[in-house]
Every structure is written in structure tokens, then in C-alpha cells.
>>> print(open('data-v9.tsv').read())   # TSV, C-alpha atoms
chain	number	residue	atom	x	y	z
A	21	MET	CA	34.62	17.65	-3.99
A	22	SER	CA	32.20	20.56	-4.28
A	23	HIS	CA	30.21	22.15	-1.47
A	24	LEU	CA	26.97	20.95	-3.09
A	25	GLN	CA	28.22	17.39	-3.40
A	26	ASN	CA	29.27	17.43	0.26
A	27	LEU	CA	25.75	18.57	1.17
A	28	LEU	CA	24.25	15.66	-0.76
A	29	LEU	CA	26.55	13.11	0.80
A	30	ASP	CA	26.39	14.40	4.38
A	31	SER	CA	22.76	15.44	4.73
A	32	LEU	CA	21.14	12.80	2.53
A	33	LEU	CA	23.28	9.70	2.15
A	34	GLY	CA	24.53	10.20	5.70
A	35	THR	CA	21.04	9.32	6.98
A	36	LYS	CA	21.46	5.76	5.64
A	37	HIS	CA	17.87	6.09	4.32
A	38	VAL	CA	18.79	7.70	1.00
A	39	ASP	CA	20.24	5.34	-1.58
A	40	SER	CA	21.29	7.95	-4.14
A	41	ALA	CA	20.90	11.66	-4.74
A	42	ALA	CA	21.47	14.33	-7.38
A	43	LEU	CA	20.98	18.02	-8.08
A	44	ILE	CA	19.55	18.91	-11.48
A	45	LYS	CA	19.99	22.44	-12.83
A	46	LEU	CA	16.44	23.49	-13.68
A	47	HIS	CA	17.15	25.86	-16.56
A	48	GLU	CA	19.85	23.76	-18.22
A	49	ARG	CA	18.03	20.49	-17.48
A	50	SER	CA	21.34	18.87	-16.62
A	51	VAL	CA	22.81	17.08	-13.62
A	52	CYS	CA	25.00	19.40	-11.56
A	53	VAL	CA	26.22	16.89	-8.95
A	54	ALA	CA	25.27	13.33	-8.03
A	55	SER	CA	26.21	10.75	-5.47
A	56	PRO	CA	28.81	8.20	-6.61
A	57	GLY	CA	27.35	5.66	-9.01
A	58	PHE	CA	24.09	7.53	-9.56
A	59	SER	CA	23.53	8.57	-13.14
A	60	LEU	CA	20.43	10.07	-14.65
A	61	MET	CA	19.63	9.69	-18.33
A	62	PRO	CA	18.39	12.81	-20.16
A	63	SER	CA	14.94	11.16	-20.33
A	64	ASP	CA	14.91	10.83	-16.51
A	65	VAL	CA	15.84	14.49	-16.11
A	66	ARG	CA	13.11	15.46	-18.59
A	67	THR	CA	10.55	13.34	-16.69
A	68	LEU	CA	11.35	15.03	-13.38
A	69	VAL	CA	11.39	18.57	-14.80
A	70	ASN	CA	8.11	17.90	-16.62
A	71	GLY	CA	6.58	16.56	-13.41
A	72	PHE	CA	6.70	20.13	-12.09
A	73	ALA	CA	5.75	21.75	-15.39
A	74	LYS	CA	2.43	19.88	-15.49
A	75	ASN	CA	-0.56	20.53	-13.31
A	76	PRO	CA	0.11	18.67	-10.00
A	77	LEU	CA	-3.19	16.82	-10.33
A	78	GLN	CA	-2.15	15.53	-13.75
A	79	THR	CA	1.22	14.38	-12.38
A	80	ARG	CA	-0.51	12.56	-9.51
A	81	ARG	CA	-2.91	10.90	-11.92
A	82	GLU	CA	-0.31	9.83	-14.50
A	83	GLY	CA	2.60	8.96	-12.22
A	84	LEU	CA	6.21	8.95	-13.44
A	85	TYR	CA	8.34	6.75	-15.64
A	86	PHE	CA	11.74	7.04	-13.95
A	87	LYS	CA	14.86	4.87	-14.30
A	88	GLU	CA	12.94	2.48	-16.59
A	89	LYS	CA	10.18	1.82	-14.05
A	90	ASP	CA	6.65	3.10	-13.55
A	91	TYR	CA	6.21	5.00	-10.30
A	92	LYS	CA	2.90	5.84	-8.66
A	93	CYS	CA	2.85	9.48	-7.61
A	94	VAL	CA	1.82	9.91	-3.98
A	95	ARG	CA	2.43	13.67	-3.73
A	96	ALA	CA	2.76	16.41	-6.30
A	97	ASP	CA	2.62	20.14	-5.60
A	98	ASP	CA	4.58	23.25	-6.54
A	99	TYR	CA	7.69	22.24	-4.55
A	100	SER	CA	7.59	18.49	-3.94
A	101	LEU	CA	7.03	15.31	-5.88
A	102	TYR	CA	7.00	11.86	-4.21
A	103	ALA	CA	6.61	8.64	-6.16
A	104	LYS	CA	6.97	4.97	-5.33
A	105	ASN	CA	7.35	1.62	-7.04
A	106	ASP	CA	6.92	-1.37	-4.72
A	107	ASN	CA	9.55	-0.91	-1.97
A	108	ARG	CA	11.52	1.86	-3.65
A	109	GLY	CA	10.81	5.48	-4.32
A	110	VAL	CA	11.97	8.85	-5.53
A	111	ILE	CA	11.61	12.18	-3.72
A	112	VAL	CA	12.07	15.40	-5.73
A	113	VAL	CA	12.16	18.86	-4.17
A	114	LYS	CA	12.24	22.03	-6.26
A	115	THR	CA	14.32	25.05	-5.27
A	116	HIS	CA	14.87	28.28	-7.21
A	117	LEU	CA	17.68	26.82	-9.32
A	118	PHE	CA	17.61	23.06	-8.80
A	119	LEU	CA	15.63	19.88	-8.53
A	120	LEU	CA	16.94	17.90	-5.58
A	121	VAL	CA	16.46	14.17	-6.25
A	122	ALA	CA	16.75	11.43	-3.63
A	123	THR	CA	15.93	7.75	-3.92
A	124	TYR	CA	15.29	5.07	-1.33
A	125	ILE	CA	15.19	1.30	-1.64
A	126	GLU	CA	13.78	-1.63	0.31
A	127	GLY	CA	14.90	-1.63	3.92
A	128	MET	CA	15.10	2.16	4.12
A	129	TYR	CA	12.48	4.35	5.78
A	130	PRO	CA	10.73	6.56	3.19
A	131	SER	CA	9.79	9.07	5.91
A	132	VAL	CA	13.47	9.66	6.77
A	133	CYS	CA	14.31	10.12	3.07
A	134	VAL	CA	11.44	12.62	2.71
A	135	GLU	CA	12.39	14.57	5.84
A	136	ALA	CA	16.09	14.82	4.92
A	137	THR	CA	15.33	15.82	1.32
A	138	GLU	CA	12.76	18.45	2.32
A	139	LYS	CA	15.12	19.93	4.94
A	140	LEU	CA	17.95	20.18	2.41
A	141	GLY	CA	15.54	21.74	-0.08
A	142	ASP	CA	14.52	24.35	2.52
A	143	TYR	CA	18.18	25.07	3.27
A	144	LEU	CA	18.99	25.52	-0.43
A	145	ARG	CA	16.01	27.85	-0.96
A	146	LYS	CA	17.07	29.98	2.04
A	147	LYS	CA	20.60	30.20	0.58
A	148	GLY	CA	19.19	31.42	-2.75
A	149	TYR	CA	19.73	28.19	-4.65
>>> encode(input="data-v9.tsv", output="C-alpha cells")
Amino acid sequence: MSHLQNLLLDSLLGTKHVDSAALIKLHERSVCVASPGFSLMPSDVRTLVNGFAKNPLQTRREGLYFKEKDYKCVRADDYSLYAKNDNRGVIVVKTHLFLLVATYIEGMYPSVCVEATEKLGDYLRKKGY
């Protein structure tokens, strides 16, 4: 298992408030590592990458179509994108090389998912990722 996959599993899934997680290589627009059972279709990767390519206001207004569901965007800026659909959500944090993706489902605390994802994003940026 790779160092990056260990980071995903330990720092995100280890909180018990992240259902699944992945790292997307920004330039290649491909999944680098993902938690077991979490797969992202190329259209999902494109949606997340494009969420940062657009003006944040436009992303907030339009929301996201992710994993065959419409998500309302609750935060969009240069480094973070948060979106929710009923009792589930997706948190995306941009680093120099990656998009860090974490999802939560009903029964999990979104705030814990956000905090863990943002902290891992900060760590990756400081390490040059």
C-alpha cells in the first residue's frame, strides 16, 4: 500500500466520518489512489476538476453533478469545494498536484469530514504535493 493511500485511510477514513476518499492527479485528470470500493468515473473527475476551473461564484450557483446525483454547492473558492445532497456530501480540497476528495453519508458529521479533509490538504500542500 502506498504512502498516499495510507494517508487517506488513516487521516480520513480513520475519523469514521469519511465514507470514501480519493486523490485525483490534477494535470492527468486521473485517480491516483482511492479508498477500497470507491471508484470515480471520468465524468466525475471532470466535474470536480471543472469545479475549480470555473469562477467560484458560478460553481456555487450551478452546483455539481457527481456520482449521478445533483449536489448543491455550499462553498467554492480557490482551494475548497463543498457540496451536499440531502444527508450526504462531497468535500474537495485542491493542492498543487492533486484534488483530495472525501465523501460523507447520513449518520456522519460533515464538520468532521471537512476538518479532516482540510487538514490533510494543508499537510499535502506543505509537503509540496
>>> residues_around(input="data-v9.tsv", residues="region 78-84 of chain A", least_positions_apart="4", cutoff="8 Å", atoms="all atoms listed in the file", output="list in words")
Thr67, Leu68, Gly71, Phe72, Lys74, Asp90, Tyr91, Lys92, Cys93, Val94, Arg95, Ala96 and Ala103 of chain A
>>> closest_residue(input="data-v9.tsv", among="A:Cys133, A:Leu24, A:Met128, A:Leu140", to="Tyr102 (chain A)", atoms="only C-alpha atoms")
A:Cys133
>>> atom_distance(input="data-v9.tsv", atom1="CA of Ala122 (chain A)", atom2="CA of Arg66 (chain A)")
15.9 Å
>>> residues_around(input="data-v9.tsv", residues="Lys45 (chain A)", least_positions_apart="5", cutoff="12 Å", atoms="only C-alpha atoms", output="list in words")
Ser50, Val51, Cys52, Val53, Ala54, Val65, Arg66, Leu68, Val69, Lys114, Thr115, His116, Leu117, Phe118, Leu119, Leu120, Val121 and Tyr149 of chain A
>>> closest_residue(input="data-v9.tsv", among="A:Ser63, A:Ser100, A:Thr137, A:Thr123", to="Leu27 (chain A)", atoms="all atoms listed in the file")
A:Thr137
>>> atom_distance(input="data-v9.tsv", atom1="CA of Val113 (chain A)", atom2="CA of Leu33 (chain A)")
15.7 Å
>>> closest_residue(input="data-v9.tsv", among="A:Asn105, A:Arg49, A:Val112, A:Lys89", to="Ala136 (chain A)", atoms="all atoms listed in the file")
A:Val112
>>> closest_residue(input="data-v9.tsv", among="A:Gly109, A:Asn75, A:Pro62, A:Leu43", to="Leu28 (chain A)", atoms="only C-alpha atoms")
A:Leu43
>>> atom_distance(input="data-v9.tsv", atom1="CA of Ile44 (chain A)", atom2="CA of Ile125 (chain A)")
20.6 Å
>>> closest_residue(input="data-v9.tsv", among="A:Gly141, A:Gly57, A:Gly148, A:Gly127", to="Ile111 (chain A)", atoms="all atoms listed in the file")
A:Gly141
>>> decode(input="data-v9.tsv", residues="region 56-72 of chain A", atoms="all heavy atoms", output="PDB file, in the first residue's frame")
ATOM      1  N   PRO A  56     -10.754   1.667  -0.613  1.00  0.00           N
ATOM      2  CA  PRO A  56     -11.330   0.441  -1.177  1.00  0.00           C
ATOM      3  C   PRO A  56     -12.817   0.615  -1.512  1.00  0.00           C
ATOM      4  O   PRO A  56     -13.587   1.159  -0.726  1.00  0.00           O
ATOM      5  CB  PRO A  56     -11.131  -0.582  -0.059  1.00  0.00           C
ATOM      6  CG  PRO A  56      -9.979  -0.063   0.733  1.00  0.00           C
ATOM      7  CD  PRO A  56     -10.091   1.434   0.669  1.00  0.00           C
ATOM      8  N   GLY A  57     -13.166   0.202  -2.717  1.00  0.00           N
ATOM      9  CA  GLY A  57     -14.555   0.259  -3.153  1.00  0.00           C
ATOM     10  C   GLY A  57     -15.022   1.595  -3.691  1.00  0.00           C
ATOM     11  O   GLY A  57     -16.167   1.723  -4.117  1.00  0.00           O
ATOM     12  N   PHE A  58     -14.164   2.588  -3.696  1.00  0.00           N
ATOM     13  CA  PHE A  58     -14.547   3.916  -4.187  1.00  0.00           C
ATOM     14  C   PHE A  58     -13.969   4.104  -5.577  1.00  0.00           C
ATOM     15  O   PHE A  58     -12.752   4.144  -5.755  1.00  0.00           O
ATOM     16  CB  PHE A  58     -14.030   5.002  -3.251  1.00  0.00           C
ATOM     17  CG  PHE A  58     -14.503   6.394  -3.589  1.00  0.00           C
ATOM     18  CD1 PHE A  58     -15.843   6.667  -3.786  1.00  0.00           C
ATOM     19  CD2 PHE A  58     -13.611   7.445  -3.672  1.00  0.00           C
ATOM     20  CE1 PHE A  58     -16.286   7.950  -4.071  1.00  0.00           C
ATOM     21  CE2 PHE A  58     -14.029   8.733  -3.954  1.00  0.00           C
ATOM     22  CZ  PHE A  58     -15.373   8.990  -4.151  1.00  0.00           C
ATOM     23  N   SER A  59     -14.842   4.201  -6.545  1.00  0.00           N
ATOM     24  CA  SER A  59     -14.379   4.432  -7.913  1.00  0.00           C
ATOM     25  C   SER A  59     -15.031   5.704  -8.444  1.00  0.00           C
ATOM     26  O   SER A  59     -16.184   5.993  -8.138  1.00  0.00           O
ATOM     27  CB  SER A  59     -14.712   3.245  -8.814  1.00  0.00           C
ATOM     28  OG  SER A  59     -16.108   3.061  -8.877  1.00  0.00           O
ATOM     29  N   LEU A  60     -14.269   6.437  -9.205  1.00  0.00           N
ATOM     30  CA  LEU A  60     -14.750   7.661  -9.821  1.00  0.00           C
ATOM     31  C   LEU A  60     -14.734   7.491 -11.330  1.00  0.00           C
ATOM     32  O   LEU A  60     -13.714   7.103 -11.905  1.00  0.00           O
ATOM     33  CB  LEU A  60     -13.861   8.847  -9.437  1.00  0.00           C
ATOM     34  CG  LEU A  60     -13.911   9.283  -7.977  1.00  0.00           C
ATOM     35  CD1 LEU A  60     -12.833  10.312  -7.693  1.00  0.00           C
ATOM     36  CD2 LEU A  60     -15.272   9.849  -7.649  1.00  0.00           C
ATOM     37  N   MET A  61     -15.857   7.759 -11.954  1.00  0.00           N
ATOM     38  CA  MET A  61     -15.945   7.725 -13.402  1.00  0.00           C
ATOM     39  C   MET A  61     -15.202   8.938 -13.973  1.00  0.00           C
ATOM     40  O   MET A  61     -15.077   9.962 -13.284  1.00  0.00           O
ATOM     41  CB  MET A  61     -17.414   7.771 -13.846  1.00  0.00           C
ATOM     42  CG  MET A  61     -18.256   6.617 -13.325  1.00  0.00           C
ATOM     43  SD  MET A  61     -17.701   5.019 -13.930  1.00  0.00           S
ATOM     44  CE  MET A  61     -18.000   5.199 -15.671  1.00  0.00           C
ATOM     45  N   PRO A  62     -14.725   8.851 -15.208  1.00  0.00           N
ATOM     46  CA  PRO A  62     -14.065  10.019 -15.818  1.00  0.00           C
ATOM     47  C   PRO A  62     -14.944  11.275 -15.781  1.00  0.00           C
ATOM     48  O   PRO A  62     -14.431  12.381 -15.596  1.00  0.00           O
ATOM     49  CB  PRO A  62     -13.789   9.569 -17.248  1.00  0.00           C
ATOM     50  CG  PRO A  62     -13.661   8.075 -17.138  1.00  0.00           C
ATOM     51  CD  PRO A  62     -14.657   7.675 -16.077  1.00  0.00           C
ATOM     52  N   SER A  63     -16.258  11.112 -15.909  1.00  0.00           N
ATOM     53  CA  SER A  63     -17.156  12.273 -15.858  1.00  0.00           C
ATOM     54  C   SER A  63     -17.158  12.912 -14.472  1.00  0.00           C
ATOM     55  O   SER A  63     -17.257  14.137 -14.345  1.00  0.00           O
ATOM     56  CB  SER A  63     -18.578  11.877 -16.259  1.00  0.00           C
ATOM     57  OG  SER A  63     -19.079  10.884 -15.390  1.00  0.00           O
ATOM     58  N   ASP A  64     -17.031  12.093 -13.411  1.00  0.00           N
ATOM     59  CA  ASP A  64     -16.949  12.631 -12.048  1.00  0.00           C
ATOM     60  C   ASP A  64     -15.654  13.410 -11.853  1.00  0.00           C
ATOM     61  O   ASP A  64     -15.651  14.490 -11.258  1.00  0.00           O
ATOM     62  CB  ASP A  64     -17.030  11.507 -11.007  1.00  0.00           C
ATOM     63  CG  ASP A  64     -18.380  10.819 -10.987  1.00  0.00           C
ATOM     64  OD1 ASP A  64     -19.414  11.502 -11.192  1.00  0.00           O
ATOM     65  OD2 ASP A  64     -18.405   9.598 -10.770  1.00  0.00           O
ATOM     66  N   VAL A  65     -14.558  12.856 -12.352  1.00  0.00           N
ATOM     67  CA  VAL A  65     -13.262  13.541 -12.263  1.00  0.00           C
ATOM     68  C   VAL A  65     -13.335  14.877 -12.997  1.00  0.00           C
ATOM     69  O   VAL A  65     -12.920  15.916 -12.476  1.00  0.00           O
ATOM     70  CB  VAL A  65     -12.131  12.654 -12.835  1.00  0.00           C
ATOM     71  CG1 VAL A  65     -10.824  13.432 -12.936  1.00  0.00           C
ATOM     72  CG2 VAL A  65     -11.954  11.401 -11.983  1.00  0.00           C
ATOM     73  N   ARG A  66     -13.907  14.860 -14.195  1.00  0.00           N
ATOM     74  CA  ARG A  66     -14.041  16.077 -14.999  1.00  0.00           C
ATOM     75  C   ARG A  66     -14.882  17.121 -14.251  1.00  0.00           C
ATOM     76  O   ARG A  66     -14.539  18.299 -14.203  1.00  0.00           O
ATOM     77  CB  ARG A  66     -14.680  15.722 -16.344  1.00  0.00           C
ATOM     78  CG  ARG A  66     -14.431  16.684 -17.446  1.00  0.00           C
ATOM     79  CD  ARG A  66     -14.827  16.182 -18.838  1.00  0.00           C
ATOM     80  NE  ARG A  66     -15.932  15.250 -18.904  1.00  0.00           N
ATOM     81  CZ  ARG A  66     -15.803  13.921 -19.106  1.00  0.00           C
ATOM     82  NH1 ARG A  66     -14.613  13.389 -19.261  1.00  0.00           N
ATOM     83  NH2 ARG A  66     -16.857  13.136 -19.177  1.00  0.00           N
ATOM     84  N   THR A  67     -15.983  16.683 -13.641  1.00  0.00           N
ATOM     85  CA  THR A  67     -16.847  17.591 -12.884  1.00  0.00           C
ATOM     86  C   THR A  67     -16.077  18.281 -11.766  1.00  0.00           C
ATOM     87  O   THR A  67     -16.189  19.497 -11.575  1.00  0.00           O
ATOM     88  CB  THR A  67     -18.040  16.815 -12.286  1.00  0.00           C
ATOM     89  OG1 THR A  67     -18.868  16.359 -13.357  1.00  0.00           O
ATOM     90  CG2 THR A  67     -18.863  17.673 -11.345  1.00  0.00           C
ATOM     91  N   LEU A  68     -15.281  17.508 -11.020  1.00  0.00           N
ATOM     92  CA  LEU A  68     -14.549  18.081  -9.888  1.00  0.00           C
ATOM     93  C   LEU A  68     -13.443  19.018 -10.349  1.00  0.00           C
ATOM     94  O   LEU A  68     -13.263  20.101  -9.786  1.00  0.00           O
ATOM     95  CB  LEU A  68     -13.998  16.967  -8.999  1.00  0.00           C
ATOM     96  CG  LEU A  68     -15.072  16.081  -8.355  1.00  0.00           C
ATOM     97  CD1 LEU A  68     -14.425  14.956  -7.561  1.00  0.00           C
ATOM     98  CD2 LEU A  68     -16.023  16.883  -7.494  1.00  0.00           C
ATOM     99  N   VAL A  69     -12.702  18.624 -11.373  1.00  0.00           N
ATOM    100  CA  VAL A  69     -11.642  19.486 -11.911  1.00  0.00           C
ATOM    101  C   VAL A  69     -12.251  20.782 -12.450  1.00  0.00           C
ATOM    102  O   VAL A  69     -11.758  21.873 -12.182  1.00  0.00           O
ATOM    103  CB  VAL A  69     -10.820  18.752 -12.992  1.00  0.00           C
ATOM    104  CG1 VAL A  69      -9.864  19.711 -13.687  1.00  0.00           C
ATOM    105  CG2 VAL A  69     -10.052  17.587 -12.385  1.00  0.00           C
ATOM    106  N   ASN A  70     -13.362  20.656 -13.179  1.00  0.00           N
ATOM    107  CA  ASN A  70     -14.019  21.838 -13.743  1.00  0.00           C
ATOM    108  C   ASN A  70     -14.613  22.733 -12.670  1.00  0.00           C
ATOM    109  O   ASN A  70     -14.753  23.940 -12.869  1.00  0.00           O
ATOM    110  CB  ASN A  70     -15.098  21.440 -14.749  1.00  0.00           C
ATOM    111  CG  ASN A  70     -14.512  20.887 -16.023  1.00  0.00           C
ATOM    112  OD1 ASN A  70     -13.333  21.080 -16.321  1.00  0.00           O
ATOM    113  ND2 ASN A  70     -15.315  20.168 -16.783  1.00  0.00           N
ATOM    114  N   GLY A  71     -14.964  22.167 -11.513  1.00  0.00           N
ATOM    115  CA  GLY A  71     -15.478  22.970 -10.414  1.00  0.00           C
ATOM    116  C   GLY A  71     -14.477  24.015  -9.961  1.00  0.00           C
ATOM    117  O   GLY A  71     -14.855  25.091  -9.492  1.00  0.00           O
ATOM    118  N   PHE A  72     -13.184  23.710 -10.099  1.00  0.00           N
ATOM    119  CA  PHE A  72     -12.139  24.671  -9.747  1.00  0.00           C
ATOM    120  C   PHE A  72     -11.764  25.554 -10.927  1.00  0.00           C
ATOM    121  O   PHE A  72     -11.268  26.653 -10.742  1.00  0.00           O
ATOM    122  CB  PHE A  72     -10.898  23.954  -9.215  1.00  0.00           C
ATOM    123  CG  PHE A  72     -11.075  23.453  -7.815  1.00  0.00           C
ATOM    124  CD1 PHE A  72     -11.403  22.138  -7.577  1.00  0.00           C
ATOM    125  CD2 PHE A  72     -10.928  24.309  -6.739  1.00  0.00           C
ATOM    126  CE1 PHE A  72     -11.583  21.676  -6.288  1.00  0.00           C
ATOM    127  CE2 PHE A  72     -11.107  23.857  -5.435  1.00  0.00           C
ATOM    128  CZ  PHE A  72     -11.437  22.537  -5.214  1.00  0.00           C
TER     129      PHE A  72
END
